[in-house]
Amino acid sequence: MTSQFSRMQFVQSPIIPVVAELINAHPGTISLGQGVVYYNPPSATFEAISNFASSDNHKYKAVVGIEPLQEVIAAKLQAENQILITDKNYIVVTAGSNMGFMNAILAITSPGDEIILQTPYYFNHEMAIMMASCEPILVDTDEQYQLRPEAIKQAITEKTKAVVTISPNNPTGAVYSEKALREVNEICRQHQIYHINDEAYEYFTYNNIKHFSPGSIKNSNPHTISLFSLSKAYGFASWRIGYMVIPEHLRFPIQKVQDTILICPPVISQYAAIGALKAGLNYCQPKIKEIAKVRQFLLEQLSQLDSFCTIPSAEGAFYVLLKIDTHLPAMTLVEKLIQDFKVAVIPGTTFGMSKGCYLRVAYGALNQETAAVGIQRLVKGLKHLIAGN
């Protein structure tokens with residue numbers, strides 16, 4: 001059959017599998033690449049599965065999630081995010097936050113519409129927009145990777161359907177202020193477009209920085225879409241459970257998307273999610289404190305590179321996006337770090353950073369001892385490759 005051009009030819013390839021192949025080719029490499037946590041789900045996760053096994057749960061269930069999980073999520077949203085579920089908004093349980101984003105894009109757009117992303121962007125968001133035959137409109141953040149609301153406002157056209165924000169941020173570790181998020185949300189209200197806010201890293205903040213949910217803003221329900229995930233805070237990545245809070249008027253369009261792609265989220269994972277959410281912050285916070293120690297060690301070690309490396313404050317998530325003063329392409333640097341120093345990071349090009357050399361360092365996936373070795377390898381490698389010492 002003759003090869004034909006399709007929309008997928010214009011979608012970037014996921015970088016994580018590419019780097020994984022390089023790691024596999026160099027045994028002993030420590031990965032500071034993929035964004036997962038080092039710990040497993042709470043024991044309550046597995047205890048809750050007994051409720052799945054003892055019930056008639058081997059048939060399709062509700063497209064938007066089982067009622068017991070919906071109830072636990074609603075209670076969590078009210079207590080932790082100040083988002084009250086009423087007749088004006090709606091919870092949809094998804095197979096991870098990525099699916100929530102895809103649901104939203106397919107529900108609110110037509111081919112050729114525009115979605116505003118902040119640069120650096122999360123690559124799967126850009127990919128989803130391209131898959132929907134829409135156009136990502138890129139707005140640069142400032143030098144500390146913070147929002148620039150006025151630039152966002154200027155980027156809006158008659159084709160714009162939504163502005164996307166991620167806080168705490170992947171890939172930068174930036175946490176957006178309540179003031180900035182309120183300003184963006186108000187811009188969206190005024191222009192009658194959606195504000196999609198990804199909150200997958202809501203618990204991962206440091207130095208007394210507070211997370212803010214735009215969905216809590218008074219009268220924001222009609223234009224705000226909030227995305228959440230259990231993958232990060234609960235060590236729940238492979239269980240594939242997230243959830244979204246959407247305006248009531250998007251309920252049926254999003255149900256159409258989810259019913260077509262998924263039918264319903266995996267029910268056994270939904271029961272596990274009930275257990276995880278009931279374990280709650282008491283389980284997550286001690287784990288996150290351990291990650292905070294790794295973060296502090298990372299920043300201290302990176303300070304040795306300040307002659308050629310710009311290091312942002314990175315007050316959230318478990319990422320730092322480094323700007324390296326070098327003529328080497330980012331992917332070349334990634335390959336050399338793996339081949340010669342047995343440490344892996346992710347090139348900034350996959351996050352839209354094509355001007356200059358950027359590297360994303362992820363520090364949540366390893367215990368303190370292994371992370372420390374990987375960080376020391378990274379610093380040694382960058383010193384050698386960039387400064388020649």
# chains A, B, ... in the order shown; residues from 1 in each chain; ligands from 1

$ residues_around --residues "Cys134 (chain A)" --least-positions-apart "6" --cutoff "8 Å" --atoms "only C-alpha atoms" --output "list in words"
Thr109, Ser110, Pro111, Gly112, Asp113, Glu114 and Ile115 of chain A

$ write_last_selection --atoms "N, CA and C atoms" --output "PDB file, in the first residue's frame"
ATOM      1  N   THR A 109     -12.654  21.161  20.860  1.00  0.00           N
ATOM      2  CA  THR A 109     -12.061  21.700  19.639  1.00  0.00           C
ATOM      3  C   THR A 109     -12.636  21.084  18.375  1.00  0.00           C
ATOM      4  N   SER A 110     -12.373  21.774  17.270  1.00  0.00           N
ATOM      5  CA  SER A 110     -12.520  21.244  15.921  1.00  0.00           C
ATOM      6  C   SER A 110     -11.160  21.362  15.245  1.00  0.00           C
ATOM      7  N   PRO A 111     -10.904  20.582  14.183  1.00  0.00           N
ATOM      8  CA  PRO A 111      -9.612  20.696  13.500  1.00  0.00           C
ATOM      9  C   PRO A 111      -9.305  22.137  13.109  1.00  0.00           C
ATOM     10  N   GLY A 112      -8.065  22.545  13.370  1.00  0.00           N
ATOM     11  CA  GLY A 112      -7.639  23.896  13.047  1.00  0.00           C
ATOM     12  C   GLY A 112      -7.730  24.871  14.197  1.00  0.00           C
ATOM     13  N   ASP A 113      -8.381  24.476  15.290  1.00  0.00           N
ATOM     14  CA  ASP A 113      -8.459  25.351  16.461  1.00  0.00           C
ATOM     15  C   ASP A 113      -7.091  25.448  17.131  1.00  0.00           C
ATOM     16  N   GLU A 114      -6.952  26.451  17.998  1.00  0.00           N
ATOM     17  CA  GLU A 114      -5.681  26.723  18.653  1.00  0.00           C
ATOM     18  C   GLU A 114      -5.791  26.517  20.162  1.00  0.00           C
ATOM     19  N   ILE A 115      -4.724  25.967  20.733  1.00  0.00           N
ATOM     20  CA  ILE A 115      -4.591  25.787  22.183  1.00  0.00           C
ATOM     21  C   ILE A 115      -3.282  26.438  22.608  1.00  0.00           C
TER      22      ILE A 115
END

$ closest_atom_pairs --of "region 124-196 of chain A" --to "region 341-364 of chain A" --cutoff "12 Å" --atoms "only C-alpha atoms" --output "JSON lines"
{"residue": "A:Asn124", "atom": "CA", "partner": "A:Phe351", "partner_atom": "CA", "distance": 9.2}
{"residue": "A:His125", "atom": "CA", "partner": "A:Phe351", "partner_atom": "CA", "distance": 9.8}
{"residue": "A:Glu126", "atom": "CA", "partner": "A:Phe351", "partner_atom": "CA", "distance": 8.7}
{"residue": "A:Met127", "atom": "CA", "partner": "A:Thr350", "partner_atom": "CA", "distance": 10.4}
{"residue": "A:Pro136", "atom": "CA", "partner": "A:Gly352", "partner_atom": "CA", "distance": 10.9}
{"residue": "A:Ile137", "atom": "CA", "partner": "A:Gly352", "partner_atom": "CA", "distance": 11.2}
{"residue": "A:Leu138", "atom": "CA", "partner": "A:Gly352", "partner_atom": "CA", "distance": 8.6}
{"residue": "A:Val139", "atom": "CA", "partner": "A:Gly352", "partner_atom": "CA", "distance": 10.5}
{"residue": "A:Asp140", "atom": "CA", "partner": "A:Met353", "partner_atom": "CA", "distance": 9.7}
{"residue": "A:Thr141", "atom": "CA", "partner": "A:Met353", "partner_atom": "CA", "distance": 11.2}
{"residue": "A:Tyr145", "atom": "CA", "partner": "A:Met353", "partner_atom": "CA", "distance": 11.8}
{"residue": "A:Asn169", "atom": "CA", "partner": "A:Phe351", "partner_atom": "CA", "distance": 11.8}
{"residue": "A:Asn170", "atom": "CA", "partner": "A:Phe351", "partner_atom": "CA", "distance": 9.2}
{"residue": "A:Pro171", "atom": "CA", "partner": "A:Arg360", "partner_atom": "CA", "distance": 6.5}
{"residue": "A:Thr172", "atom": "CA", "partner": "A:Arg360", "partner_atom": "CA", "distance": 7.5}
{"residue": "A:Gly173", "atom": "CA", "partner": "A:Ala362", "partner_atom": "CA", "distance": 9.5}

$ atom_distance --atom1 "CA of Gln304 (chain A)" --atom2 "CA of Ala371 (chain A)"
17.2 Å

$ residues_around --residues "region 208-221 of chain A" --least-positions-apart "6" --cutoff "7 Å" --atoms "only C-alpha atoms" --output "list in words"
Asn81, Gln82, Ile83, Lys88, Asn89, Glu178, Leu181, Arg182, Asn185, Glu202 and Pro247 of chain A

$ closest_residue --among "A:Lys256, A:Lys293, A:His249, A:Arg240" --to "Ala273 (chain A)" --atoms "only C-alpha atoms"
A:Arg240

$ residues_around --residues "His195 (chain A)" --least-positions-apart "4" --cutoff "8 Å" --atoms "only C-alpha atoms" --output "list in words"
Ala162, Val163, Val164, Thr165, Val184, Asn185, Cys188, His223, Thr224 and Ile225 of chain A

$ write_last_selection --atoms "N, CA and C atoms" --output "compact mmCIF listing (two decimals), in the first residue's frame"
# COMPACT_ATOMS: atom_id res chain seq x y z
N ALA A 162 -8.52 27.29 24.30
CA ALA A 162 -8.11 27.08 25.69
C ALA A 162 -6.70 27.57 25.93
N VAL A 163 -6.42 27.88 27.19
CA VAL A 163 -5.08 28.14 27.69
C VAL A 163 -4.74 27.02 28.67
N VAL A 164 -3.56 26.43 28.52
CA VAL A 164 -3.14 25.32 29.37
C VAL A 164 -2.06 25.82 30.35
N THR A 165 -2.25 25.50 31.61
CA THR A 165 -1.21 25.74 32.62
C THR A 165 -0.97 24.45 33.39
N VAL A 184 -4.79 34.49 34.72
CA VAL A 184 -5.01 33.69 33.52
C VAL A 184 -6.46 33.20 33.46
N ASN A 185 -6.99 32.77 34.59
CA ASN A 185 -8.38 32.29 34.62
C ASN A 185 -9.35 33.40 34.23
N CYS A 188 -9.28 33.99 30.51
CA CYS A 188 -10.08 32.96 29.83
C CYS A 188 -11.56 33.26 29.94
N HIS A 223 -15.81 27.72 32.74
CA HIS A 223 -14.69 27.78 31.80
C HIS A 223 -13.41 27.11 32.32
N THR A 224 -13.49 26.38 33.43
CA THR A 224 -12.29 25.79 34.03
C THR A 224 -12.35 24.27 33.97
N ILE A 225 -11.25 23.68 33.51
CA ILE A 225 -11.09 22.23 33.46
C ILE A 225 -9.85 21.89 34.30

$ residues_around --residues "Thr45 (chain A)" --least-positions-apart "4" --cutoff "7 Å" --atoms "only C-alpha atoms" --output "ChimeraX atom specification"
/A:41,49,272-273,275-276

$ residues_around --residues "Ser167 (chain A)" --least-positions-apart "5" --cutoff "6 Å" --atoms "only C-alpha atoms" --output "number ranges by chain"
A: 175-176, 199

$ atom_distance --atom1 "CA of Ile268 (chain A)" --atom2 "CA of Asn51 (chain A)"
9.0 Å

$ select_by_dssp --residues "region 146-250 of chain A" --states "strand (DSSP E or B)" --output "PyMOL selection string"
chain A and resi 160-166+194-198+205+224-229+242-247

$ residues_around --residues "Ala20 (chain A)" --least-positions-apart "2" --cutoff "12 Å" --atoms "only C-alpha atoms" --output "PyMOL selection string"
chain A and resi 14-18+22-27+29-34+334-335+338+343-346

$ select_by_dssp --residues "region 224-383 of chain A" --states "alpha helix (DSSP H)" --output "PyMOL selection string"
chain A and resi 251-261+267-279+281-302+330-341+368-382

$ closest_residue --among "A:Val37, A:Met244, A:Ala132, A:Leu321" --to "Leu77 (chain A)" --atoms "only C-alpha atoms"
A:Met244

$ closest_residue --among "A:Ala151, A:Ala365, A:Ala174, A:Met130" --to "Gly316 (chain A)" --atoms "only C-alpha atoms"
A:Ala174

$ closest_residue --among "A:Gln78, A:Ser226, A:Ser133, A:Ser43" --to "Ile246 (chain A)" --atoms "only C-alpha atoms"
A:Ser226

$ atom_distance --atom1 "CA of Val379 (chain A)" --atom2 "CA of Leu298 (chain A)"
9.3 Å
